[in-house]
>>> print(open('entry21.pdb').read())   # PDB, C-alpha atoms and all ligand atoms
ATOM      1  CA  MET A   1     -47.525 -99.509-261.439
ATOM      2  CA  HIS A   2     -46.692-103.222-261.302
ATOM      3  CA  VAL A   3     -47.177-104.761-257.843
ATOM      4  CA  ILE A   4     -47.234-108.221-256.276
ATOM      5  CA  ASP A   5     -49.289-108.824-253.133
ATOM      6  CA  SER A   6     -48.669-111.468-250.513
ATOM      7  CA  HIS A   7     -49.584-112.096-246.912
ATOM      8  CA  THR A   8     -47.405-113.247-244.036
ATOM      9  CA  GLY A   9     -49.463-114.834-241.281
ATOM     10  CA  GLY A  10     -52.422-112.840-242.602
ATOM     11  CA  GLU A  11     -50.586-109.476-242.749
ATOM     12  CA  PRO A  12     -50.507-108.079-246.306
ATOM     13  CA  THR A  13     -47.392-106.874-248.154
ATOM     14  CA  ARG A  14     -47.420-105.122-251.534
ATOM     15  CA  VAL A  15     -44.081-105.233-253.375
ATOM     16  CA  ILE A  16     -43.763-102.369-255.887
ATOM     17  CA  LEU A  17     -41.762-103.674-258.814
ATOM     18  CA  SER A  18     -42.057-100.632-261.093
ATOM     19  CA  GLY A  19     -43.717 -97.237-261.240
ATOM     20  CA  GLY A  20     -42.541 -95.938-257.828
ATOM     21  CA  PRO A  21     -40.806 -92.569-257.308
ATOM     22  CA  ASP A  22     -37.102 -92.066-258.028
ATOM     23  CA  LEU A  23     -35.403 -91.539-254.637
ATOM     24  CA  GLY A  24     -31.835 -91.185-255.939
ATOM     25  CA  SER A  25     -28.892 -93.395-255.045
ATOM     26  CA  GLY A  26     -27.861 -92.203-251.558
ATOM     27  CA  PRO A  27     -27.929 -94.195-248.307
ATOM     28  CA  LEU A  28     -31.281 -95.962-247.800
ATOM     29  CA  GLN A  29     -31.988 -93.877-244.682
ATOM     30  CA  ASP A  30     -31.806 -90.721-246.845
ATOM     31  CA  ARG A  31     -33.989 -92.293-249.520
ATOM     32  CA  ALA A  32     -36.530 -93.319-246.845
ATOM     33  CA  ALA A  33     -36.541 -89.725-245.509
ATOM     34  CA  CYS A  34     -37.122 -88.458-249.068
ATOM     35  CA  LEU A  35     -40.057 -90.884-249.478
ATOM     36  CA  ALA A  36     -41.541 -89.714-246.154
ATOM     37  CA  GLN A  37     -41.158 -85.998-246.936
ATOM     38  CA  ASP A  38     -41.788 -85.701-250.663
ATOM     39  CA  HIS A  39     -43.942 -88.664-251.709
ATOM     40  CA  VAL A  40     -46.837 -88.913-249.252
ATOM     41  CA  ALA A  41     -49.310 -88.969-252.167
ATOM     42  CA  PHE A  42     -47.488 -91.963-253.664
ATOM     43  CA  TYR A  43     -47.580 -94.168-250.612
ATOM     44  CA  GLN A  44     -51.105 -93.213-249.608
ATOM     45  CA  SER A  45     -52.415 -93.904-253.134
ATOM     46  CA  VAL A  46     -50.872 -97.404-253.059
ATOM     47  CA  MET A  47     -51.835 -98.304-249.446
ATOM     48  CA  CYS A  48     -55.249 -96.681-248.921
ATOM     49  CA  GLU A  49     -58.519 -97.979-250.270
ATOM     50  CA  PRO A  50     -59.707 -98.380-253.013
ATOM     51  CA  ARG A  51     -56.370 -99.807-254.275
ATOM     52  CA  GLY A  52     -54.917-100.820-250.932
ATOM     53  CA  GLN A  53     -56.462-102.296-247.808
ATOM     54  CA  PRO A  54     -56.217-101.758-244.055
ATOM     55  CA  ALA A  55     -52.963-103.063-242.509
ATOM     56  CA  MET A  56     -51.175-103.331-245.869
ATOM     57  CA  VAL A  57     -47.435-102.575-245.886
ATOM     58  CA  GLY A  58     -45.711-101.434-249.085
ATOM     59  CA  ALA A  59     -42.231-102.568-250.096
ATOM     60  CA  LEU A  60     -40.608-100.261-252.634
ATOM     61  CA  LEU A  61     -37.699-102.017-254.341
ATOM     62  CA  VAL A  62     -34.619 -99.801-254.792
ATOM     63  CA  GLU A  63     -31.013-100.314-255.839
ATOM     64  CA  PRO A  64     -28.971-101.401-252.797
ATOM     65  CA  VAL A  65     -25.826 -99.503-251.804
ATOM     66  CA  ASP A  66     -24.224-102.789-250.699
ATOM     67  CA  PRO A  67     -23.544-104.820-253.870
ATOM     68  CA  ASP A  68     -23.813-108.078-251.867
ATOM     69  CA  CYS A  69     -27.548-107.447-251.366
ATOM     70  CA  VAL A  70     -30.096-108.898-253.803
ATOM     71  CA  THR A  71     -32.165-105.719-253.447
ATOM     72  CA  GLY A  72     -32.744-102.636-251.356
ATOM     73  CA  VAL A  73     -36.236-102.068-249.972
ATOM     74  CA  ILE A  74     -38.090 -99.261-248.229
ATOM     75  CA  TYR A  75     -41.211-100.212-246.286
ATOM     76  CA  PHE A  76     -44.194 -97.985-245.542
ATOM     77  CA  ASP A  77     -47.798 -98.177-244.443
ATOM     78  CA  ALA A  78     -50.623 -95.719-245.145
ATOM     79  CA  ASP A  79     -49.297 -93.368-242.483
ATOM     80  CA  ALA A  80     -45.521 -93.676-242.198
ATOM     81  CA  VAL A  81     -42.275 -94.881-243.726
ATOM     82  CA  LEU A  82     -40.875 -97.773-241.633
ATOM     83  CA  GLY A  83     -37.254 -98.468-240.713
ATOM     84  CA  MET A  84     -37.694-102.186-241.274
ATOM     85  CA  CYS A  85     -40.555-104.675-241.515
ATOM     86  CA  GLY A  86     -40.269-108.338-240.562
ATOM     87  CA  HIS A  87     -43.459-109.672-242.122
ATOM     88  CA  GLY A  88     -42.734-107.542-245.200
ATOM     89  CA  THR A  89     -39.259-109.075-245.522
ATOM     90  CA  ILE A  90     -40.747-112.597-245.389
ATOM     91  CA  GLY A  91     -43.303-111.535-248.028
ATOM     92  CA  LEU A  92     -40.571-109.903-250.133
ATOM     93  CA  ALA A  93     -38.402-113.046-250.097
ATOM     94  CA  VAL A  94     -41.347-115.253-251.131
ATOM     95  CA  THR A  95     -42.255-112.751-253.864
ATOM     96  CA  LEU A  96     -38.697-112.612-255.257
ATOM     97  CA  TYR A  97     -38.638-116.435-255.266
ATOM     98  CA  HIS A  98     -42.037-116.506-257.024
ATOM     99  CA  LEU A  99     -40.575-114.183-259.700
ATOM    100  CA  GLY A 100     -37.493-116.395-260.106
ATOM    101  CA  ARG A 101     -35.218-113.545-258.972
ATOM    102  CA  ILE A 102     -33.759-115.533-256.069
ATOM    103  CA  GLY A 103     -33.463-119.235-255.269
ATOM    104  CA  LEU A 104     -33.764-121.150-252.013
ATOM    105  CA  GLY A 105     -31.013-120.424-249.473
ATOM    106  CA  SER A 106     -29.522-117.309-247.978
ATOM    107  CA  HIS A 107     -29.676-113.746-249.398
ATOM    108  CA  LYS A 108     -28.933-110.272-248.073
ATOM    109  CA  VAL A 109     -31.489-107.457-248.269
ATOM    110  CA  GLU A 110     -30.701-103.800-247.532
ATOM    111  CA  THR A 111     -33.235-101.767-245.515
ATOM    112  CA  PRO A 112     -33.007 -98.259-244.009
ATOM    113  CA  ALA A 113     -32.364 -99.947-240.610
ATOM    114  CA  GLY A 114     -29.460-102.000-242.003
ATOM    115  CA  VAL A 115     -28.726-105.202-243.904
ATOM    116  CA  VAL A 116     -30.860-108.221-242.966
ATOM    117  CA  VAL A 117     -30.543-111.824-244.154
ATOM    118  CA  VAL A 118     -33.385-113.943-245.547
ATOM    119  CA  ASP A 119     -33.089-117.716-245.665
ATOM    120  CA  LEU A 120     -35.715-119.493-247.793
ATOM    121  CA  SER A 121     -36.104-123.124-246.840
ATOM    122  CA  ASP A 122     -38.997-123.668-249.276
ATOM    123  CA  ALA A 123     -41.212-121.531-251.511
ATOM    124  CA  HIS A 124     -43.116-120.134-248.497
ATOM    125  CA  THR A 125     -40.951-120.489-245.397
ATOM    126  CA  VAL A 126     -38.419-117.785-244.592
ATOM    127  CA  THR A 127     -36.118-117.080-241.665
ATOM    128  CA  VAL A 128     -35.149-113.427-241.300
ATOM    129  CA  THR A 129     -32.017-112.532-239.352
ATOM    130  CA  ASN A 130     -32.800-108.997-238.292
ATOM    131  CA  ILE A 131     -30.607-106.052-237.326
ATOM    132  CA  GLU A 132     -29.370-105.880-233.735
ATOM    133  CA  SER A 133     -32.296-105.120-231.459
ATOM    134  CA  ARG A 134     -32.188-103.666-227.955
ATOM    135  CA  ARG A 135     -34.213-102.599-224.955
ATOM    136  CA  VAL A 136     -33.541 -98.977-224.098
ATOM    137  CA  HIS A 137     -35.883 -98.364-221.137
ATOM    138  CA  GLN A 138     -37.347-100.852-218.681
ATOM    139  CA  ALA A 139     -40.644-100.474-216.806
ATOM    140  CA  VAL A 140     -41.469 -96.917-217.834
ATOM    141  CA  GLU A 141     -44.660 -95.593-216.255
ATOM    142  CA  VAL A 142     -47.017 -93.651-218.517
ATOM    143  CA  SER A 143     -50.248 -92.027-217.399
ATOM    144  CA  VAL A 144     -52.902 -92.948-219.982
ATOM    145  CA  PRO A 145     -56.363 -91.315-220.008
ATOM    146  CA  ASP A 146     -59.075 -93.765-218.803
ATOM    147  CA  GLN A 147     -56.432 -96.469-218.148
ATOM    148  CA  GLY A 148     -54.392 -94.999-215.305
ATOM    149  CA  THR A 149     -50.686 -95.773-215.049
ATOM    150  CA  VAL A 150     -49.470 -98.209-217.706
ATOM    151  CA  THR A 151     -46.005 -99.727-217.348
ATOM    152  CA  GLY A 152     -44.031-100.785-220.412
ATOM    153  CA  ASP A 153     -40.564-101.286-221.887
ATOM    154  CA  VAL A 154     -39.199 -99.231-224.789
ATOM    155  CA  ALA A 155     -37.304-101.369-227.287
ATOM    156  CA  TYR A 156     -35.975-101.120-230.843
ATOM    157  CA  GLY A 157     -36.272-103.887-233.439
ATOM    158  CA  GLY A 158     -36.027-101.779-236.605
ATOM    159  CA  ASN A 159     -38.966 -99.639-235.417
ATOM    160  CA  TRP A 160     -39.690 -98.201-231.943
ATOM    161  CA  PHE A 161     -41.957-100.181-229.613
ATOM    162  CA  PHE A 162     -43.699 -99.603-226.299
ATOM    163  CA  ILE A 163     -44.204-103.146-224.966
ATOM    164  CA  VAL A 164     -46.749-103.817-222.229
ATOM    165  CA  ASP A 165     -46.594-107.229-220.552
ATOM    166  CA  PRO A 166     -49.112-108.335-219.456
ATOM    167  CA  SER A 167     -51.750-106.698-221.630
ATOM    168  CA  PRO A 168     -54.440-105.017-219.498
ATOM    169  CA  ILE A 169     -57.064-107.167-221.283
ATOM    170  CA  ALA A 170     -56.903-110.559-222.997
ATOM    171  CA  VAL A 171     -55.319-110.658-226.467
ATOM    172  CA  THR A 172     -58.229-112.246-228.353
ATOM    173  CA  PRO A 173     -59.860-111.498-231.729
ATOM    174  CA  ALA A 174     -63.043-110.397-229.917
ATOM    175  CA  ASN A 175     -61.047-107.717-228.084
ATOM    176  CA  ILE A 176     -59.365-106.234-231.212
ATOM    177  CA  PRO A 177     -61.470-103.015-231.280
ATOM    178  CA  VAL A 178     -60.801-102.324-227.563
ATOM    179  CA  LEU A 179     -57.123-103.344-227.790
ATOM    180  CA  THR A 180     -56.762-100.934-230.724
ATOM    181  CA  GLN A 181     -58.230 -97.992-228.809
ATOM    182  CA  MET A 182     -56.178 -98.790-225.688
ATOM    183  CA  ALA A 183     -52.947 -99.068-227.687
ATOM    184  CA  ILE A 184     -53.598 -95.809-229.577
ATOM    185  CA  ALA A 185     -54.103 -94.027-226.236
ATOM    186  CA  MET A 186     -50.886 -95.595-224.845
ATOM    187  CA  ARG A 187     -48.864 -94.506-227.907
ATOM    188  CA  GLU A 188     -50.245 -90.965-227.702
ATOM    189  CA  ALA A 189     -49.591 -90.743-223.957
ATOM    190  CA  ALA A 190     -46.059 -92.151-224.297
ATOM    191  CA  ASN A 191     -45.178 -89.713-227.061
ATOM    192  CA  ALA A 192     -46.774 -86.771-225.224
ATOM    193  CA  ALA A 193     -44.630 -87.668-222.181
ATOM    194  CA  GLY A 194     -41.459 -87.811-224.304
ATOM    195  CA  VAL A 195     -41.049 -91.583-223.831
ATOM    196  CA  GLY A 196     -39.126 -93.030-226.788
ATOM    197  CA  GLY A 197     -35.703 -93.890-228.140
ATOM    198  CA  GLU A 198     -32.309 -92.661-226.883
ATOM    199  CA  ARG A 199     -32.322 -89.763-229.350
ATOM    200  CA  GLY A 200     -35.943 -88.834-228.753
ATOM    201  CA  GLU A 201     -37.311 -91.126-231.474
ATOM    202  CA  PRO A 202     -41.086 -91.370-231.002
ATOM    203  CA  ILE A 203     -42.884 -94.641-230.302
ATOM    204  CA  ASP A 204     -44.400 -95.829-233.596
ATOM    205  CA  HIS A 205     -45.775 -99.244-232.530
ATOM    206  CA  VAL A 206     -47.356-100.614-229.319
ATOM    207  CA  VAL A 207     -47.168-104.307-228.330
ATOM    208  CA  LEU A 208     -49.554-105.852-225.793
ATOM    209  CA  GLN A 209     -48.378-109.289-224.638
ATOM    210  CA  ASP A 210     -50.539-112.100-223.271
ATOM    211  CA  GLN A 211     -50.045-115.715-222.229
ATOM    212  CA  SER A 212     -51.223-118.644-224.317
ATOM    213  CA  ASP A 213     -53.278-121.667-223.249
ATOM    214  CA  ASP A 214     -51.338-123.756-225.776
ATOM    215  CA  PRO A 215     -48.232-125.280-224.104
ATOM    216  CA  GLU A 216     -46.439-125.151-227.507
ATOM    217  CA  VAL A 217     -46.935-121.383-227.701
ATOM    218  CA  HIS A 218     -44.851-119.036-225.547
ATOM    219  CA  SER A 219     -47.166-116.003-225.830
ATOM    220  CA  ARG A 220     -49.646-114.067-227.948
ATOM    221  CA  ASN A 221     -49.356-110.436-228.957
ATOM    222  CA  PHE A 222     -51.426-107.563-230.238
ATOM    223  CA  VAL A 223     -49.393-105.016-232.231
ATOM    224  CA  LEU A 224     -50.630-101.554-233.150
ATOM    225  CA  CYS A 225     -49.035-100.116-236.324
ATOM    226  CA  PRO A 226     -48.507 -96.412-237.172
ATOM    227  CA  ASP A 227     -51.634 -96.312-239.365
ATOM    228  CA  ASP A 228     -53.721 -97.445-236.330
ATOM    229  CA  THR A 229     -54.378-100.891-237.791
ATOM    230  CA  TYR A 230     -53.279-104.037-235.948
ATOM    231  CA  ASP A 231     -50.671-106.435-237.274
ATOM    232  CA  ARG A 232     -52.265-109.716-238.337
ATOM    233  CA  SER A 233     -48.842-111.360-238.015
ATOM    234  CA  PRO A 234     -46.849-111.380-234.739
ATOM    235  CA  CYS A 235     -44.802-108.418-236.172
ATOM    236  CA  GLY A 236     -41.184-109.230-237.028
ATOM    237  CA  THR A 237     -39.699-106.003-235.715
ATOM    238  CA  GLY A 238     -41.978-106.128-232.657
ATOM    239  CA  SER A 239     -40.943-109.724-231.982
ATOM    240  CA  SER A 240     -37.304-108.601-232.303
ATOM    241  CA  ALA A 241     -37.858-105.838-229.756
ATOM    242  CA  ARG A 242     -39.605-108.348-227.492
ATOM    243  CA  LEU A 243     -36.682-110.808-227.800
ATOM    244  CA  ALA A 244     -34.373-107.990-226.674
ATOM    245  CA  CYS A 245     -36.556-107.550-223.560
ATOM    246  CA  LEU A 246     -36.682-111.299-222.821
ATOM    247  CA  ALA A 247     -32.890-111.488-223.178
ATOM    248  CA  ALA A 248     -32.348-108.448-220.942
ATOM    249  CA  ASP A 249     -34.655-110.002-218.309
ATOM    250  CA  GLY A 250     -32.770-113.323-218.491
ATOM    251  CA  SER A 251     -36.065-115.051-219.453
ATOM    252  CA  LEU A 252     -34.772-116.608-222.686
ATOM    253  CA  VAL A 253     -31.281-117.906-223.367
ATOM    254  CA  PRO A 254     -29.509-117.528-226.729
ATOM    255  CA  GLY A 255     -30.504-120.204-229.245
ATOM    256  CA  ASP A 256     -33.666-121.346-227.443
ATOM    257  CA  GLU A 257     -36.663-121.158-229.766
ATOM    258  CA  ILE A 258     -40.129-119.926-228.803
ATOM    259  CA  VAL A 259     -43.382-119.664-230.738
ATOM    260  CA  GLN A 260     -45.087-116.281-230.685
ATOM    261  CA  GLN A 261     -48.659-115.998-231.976
ATOM    262  CA  SER A 262     -50.417-112.900-233.235
ATOM    263  CA  VAL A 263     -53.860-111.850-232.009
ATOM    264  CA  ILE A 264     -55.392-113.895-234.868
ATOM    265  CA  GLY A 265     -53.204-116.894-233.952
ATOM    266  CA  SER A 266     -50.640-116.822-236.782
ATOM    267  CA  PRO A 267     -47.216-118.035-235.550
ATOM    268  CA  TYR A 268     -43.558-117.004-235.798
ATOM    269  CA  ARG A 269     -40.703-119.103-234.449
ATOM    270  CA  LEU A 270     -38.243-116.818-232.665
ATOM    271  CA  SER A 271     -34.760-117.052-231.226
ATOM    272  CA  TYR A 272     -31.711-114.821-230.838
ATOM    273  CA  GLN A 273     -27.962-114.685-230.481
ATOM    274  CA  PRO A 274     -26.128-112.002-228.486
ATOM    275  CA  GLY A 275     -25.347-108.933-230.577
ATOM    276  CA  PRO A 276     -21.966-107.158-230.758
ATOM    277  CA  ASN A 277     -23.310-104.016-229.030
ATOM    278  CA  GLY A 278     -25.091-105.557-226.052
ATOM    279  CA  GLY A 279     -28.388-106.224-227.820
ATOM    280  CA  VAL A 280     -29.647-109.323-229.625
ATOM    281  CA  ILE A 281     -29.560-110.564-233.217
ATOM    282  CA  PRO A 282     -33.089-111.954-233.694
ATOM    283  CA  THR A 283     -34.157-114.681-236.087
ATOM    284  CA  ILE A 284     -37.806-114.838-237.110
ATOM    285  CA  THR A 285     -39.268-117.734-239.077
ATOM    286  CA  GLY A 286     -42.644-117.399-240.771
ATOM    287  CA  GLN A 287     -44.554-118.211-243.927
ATOM    288  CA  ALA A 288     -45.884-116.024-246.730
ATOM    289  CA  PHE A 289     -48.090-116.689-249.755
ATOM    290  CA  VAL A 290     -48.435-114.628-252.933
ATOM    291  CA  THR A 291     -52.045-113.520-253.412
ATOM    292  CA  ALA A 292     -52.057-111.319-256.538
ATOM    293  CA  GLU A 293     -50.032-109.837-259.395
ATOM    294  CA  THR A 294     -51.586-106.529-260.327
ATOM    295  CA  THR A 295     -51.153-103.432-262.465
ATOM    296  CA  LEU A 296     -52.444-100.470-260.441
ATOM    297  CA  MET A 297     -53.999 -97.662-262.485
ATOM    298  CA  PHE A 298     -54.304 -94.000-261.488
ATOM    299  CA  HIS A 299     -56.653 -92.130-263.851
ATOM    300  CA  PRO A 300     -56.174 -88.328-263.628
ATOM    301  CA  CYS A 301     -59.968 -87.861-263.404
ATOM    302  CA  ASP A 302     -60.358 -90.437-260.615
ATOM    303  CA  PRO A 303     -61.428 -88.483-257.500
ATOM    304  CA  TYR A 304     -59.766 -91.225-255.411
ATOM    305  CA  GLN A 305     -56.523 -91.313-257.405
ATOM    306  CA  ARG A 306     -54.729 -90.591-254.086
ATOM    307  CA  GLY A 307     -56.805 -93.064-252.096
ATOM    308  CA  ILE A 308     -59.457 -92.467-249.461
ATOM    309  CA  PRO A 309     -57.684 -90.561-246.659
ATOM    310  CA  ILE A 310     -57.443 -92.525-243.402
TER     311      ILE A 310
HETATM  312  O1  LIG A 401     -43.490-107.314-239.206
HETATM  313  O2  LIG A 401     -42.085-105.783-238.560
HETATM  314  C1  LIG A 401     -43.195-106.138-238.940
HETATM  315  C2  LIG A 401     -44.239-105.116-239.147
HETATM  316  C3  LIG A 401     -44.150-103.778-238.911
HETATM  317  C4  LIG A 401     -45.378-103.231-239.247
HETATM  318  C5  LIG A 401     -46.190-104.244-239.680
HETATM  319  N1  LIG A 401     -45.475-105.384-239.615
END
>>> encode(input="entry21.pdb", output="structure tokens")
Amino acid sequence: MHVIDSHTGGEPTRVILSGGPDLGSGPLQDRAACLAQDHVAFYQSVMCEPRGQPAMVGALLVEPVDPDCVTGVIYFDADAVLGMCGHGTIGLAVTLYHLGRIGLGSHKVETPAGVVVVDLSDAHTVTVTNIESRRVHQAVEVSVPDQGTVTGDVAYGGNWFFIVDPSPIAVTPANIPVLTQMAIAMREAANAAGVGGERGEPIDHVVLQDQSDDPEVHSRNFVLCPDDTYDRSPCGTGSSARLACLAADGSLVPGDEIVQQSVIGSPYRLSYQPGPNGGVIPTITGQAFVTAETTLMFHPCDPYQRGIPI
């Protein structure tokens, strides 16, 4: 299996160029459902140690349905298939440029959540124009064991987010283990209480927002991913969901740009335009760097051919 690894603001992406499963030629949502149901062993073997690493997101290249798109892509982590992935899309664009498959400028990419646009301004810097994002519930109260009542917004940015602002504790690297446990408990409590999307979609990510001491930085976030790792980047889909909340609150006007930092301090520049359905069309600018070109091998006698289960 031929893969190229990159990181976006510290968050790893593994683009699978060949050797992935055949998911047919239907709509990408159907192909993503097929990956989730029938190919768990594939995505765990590629994401889990010893071949993968914590927090890694896979990007399986597939034929797009829309011929205007340079590729189709289905994202996944060690635990779940994702609707969309912002840092992964920045990593994908930089990887395709590295391979000479695309040039600088604007290109469309098809994801299960819809068509997004990547704009490469240099070999590492990419602006993603995401699918329309929206807040669906404001100030939902959830009773969380050992934390009491936690209040958060439910918003969609290509994945489903429970966004808590302000975070109950400071968003700092030293607090990552505690933030992780708190966010896992919030996600479990929200899902147990039936808090989620309009059609009962479960919460898959939790965002904890904090202020920044740096006047150039609007805020810092901690983002919990489905595989219980934290996003090293500020999370493109989470930032999109957050932009939808800021817009709905009237706290950010269309076109104004803010800098959002992750818990490790890596930045995205964010802005939005009003969407056609009452939400926002987010733009996310970040940088990615290719880290490795690898051929993964899966020996039939290898006891960890399928990875170490998480
Ligand atoms: O950047 O959208 C994102 C993302 C989702 C999960 C990890 N990163």
>>> residues_around(input="entry21.pdb", residues="A:Ala185", least_positions_apart="4", cutoff="10 Å", atoms="only C-alpha atoms", output="PyMOL selection string")
chain A and resi 143-147+179-181+189-191+206
>>> resolve_selection(input="entry21.pdb", expression="the PyMOL selection byres (((not hetatm)) within 6 of (chain A and resi 401))", output="list in words")
Cys85, Gly86, His87, Cys225, Asp231, Cys235, Gly236, Thr237 and Gly238 of chain A
>>> resolve_selection(input="entry21.pdb", expression="the PyMOL selection byres (((chain A and resi 172) around 12) and not hetatm)", output="PyMOL selection string")
chain A and resi 167+169-171+173-180+208-213+219-222+232+261-265
>>> residues_around(input="entry21.pdb", residues="stretch 111-128 of chain A", least_positions_apart="5", cutoff="7 Å", atoms="all atoms listed in the file", output="list in words")
Leu28, Gln29, Ala32, Gly72, Val73, Ile74, Gly83, Met84, Ile90, Ala93, Val94, Tyr97, Leu104, Gly105, Ser106, Gly158, Thr283, Ile284, Thr285, Gly286, Gln287, Ala288 and Phe289 of chain A
>>> residues_around(input="entry21.pdb", residues="A:Ala36", least_positions_apart="5", cutoff="12 Å", atoms="all atoms listed in the file", output="list in words")
Pro21, Leu23, Gln29, Asp30, Arg31, Ala41, Phe42, Tyr43, Gln44, Ile74, Tyr75, Phe76, Asp77, Ala78, Asp79, Ala80, Val81, Leu82 and Gly83 of chain A
>>> residues_near_point(input="entry21.pdb", point="(-25.2, -106.0, -232.9)", cutoff="10 Å", atoms="only C-alpha atoms", output="VMD selection string")
chain A and resid 130 to 134 273 to 282
>>> closest_residue(input="entry21.pdb", among="A:Ile163, A:Ala59, A:Ala292, A:Ala241", to="A:Leu35", atoms="only C-alpha atoms")
A:Ala59
>>> residues_around(input="entry21.pdb", residues="A:Met1", least_positions_apart="6", cutoff="6 Å", atoms="only C-alpha atoms", output="NGL selection string")
:A and (18-19 or 295-296)
>>> residues_around(input="entry21.pdb", residues="A:Cys69", least_positions_apart="3", cutoff="9 Å", atoms="only C-alpha atoms", output="MDAnalysis selection string")
chainID A and resid 64:66 72 107:110 115 117
>>> resolve_selection(input="entry21.pdb", expression="the PyMOL selection byres (((chain A and resi 301-306) around 6) and not hetatm)", output="list in words")
Ala41, Ser45, Phe298, His299, Pro300 and Gly307 of chain A
>>> closest_residue(input="entry21.pdb", among="A:Val290, A:Leu17, A:Val223, A:Ala155", to="A:Arg242", atoms="only C-alpha atoms")
A:Ala155
>>> atom_distance(input="entry21.pdb", atom1="atom CA of A:Ile203", atom2="atom CA of A:Gly58")
20.2 Å
>>> atom_distance(input="entry21.pdb", atom1="atom CA of A:Glu198", atom2="atom CA of A:Val40")
26.9 Å
>>> atom_distance(input="entry21.pdb", atom1="atom CA of A:Phe161", atom2="atom CA of A:His205")
4.9 Å
>>> closest_residue(input="entry21.pdb", among="A:Gly26, A:Gly255, A:Glu201, A:Leu224", to="A:Val164", atoms="all atoms listed in the file")
A:Leu224
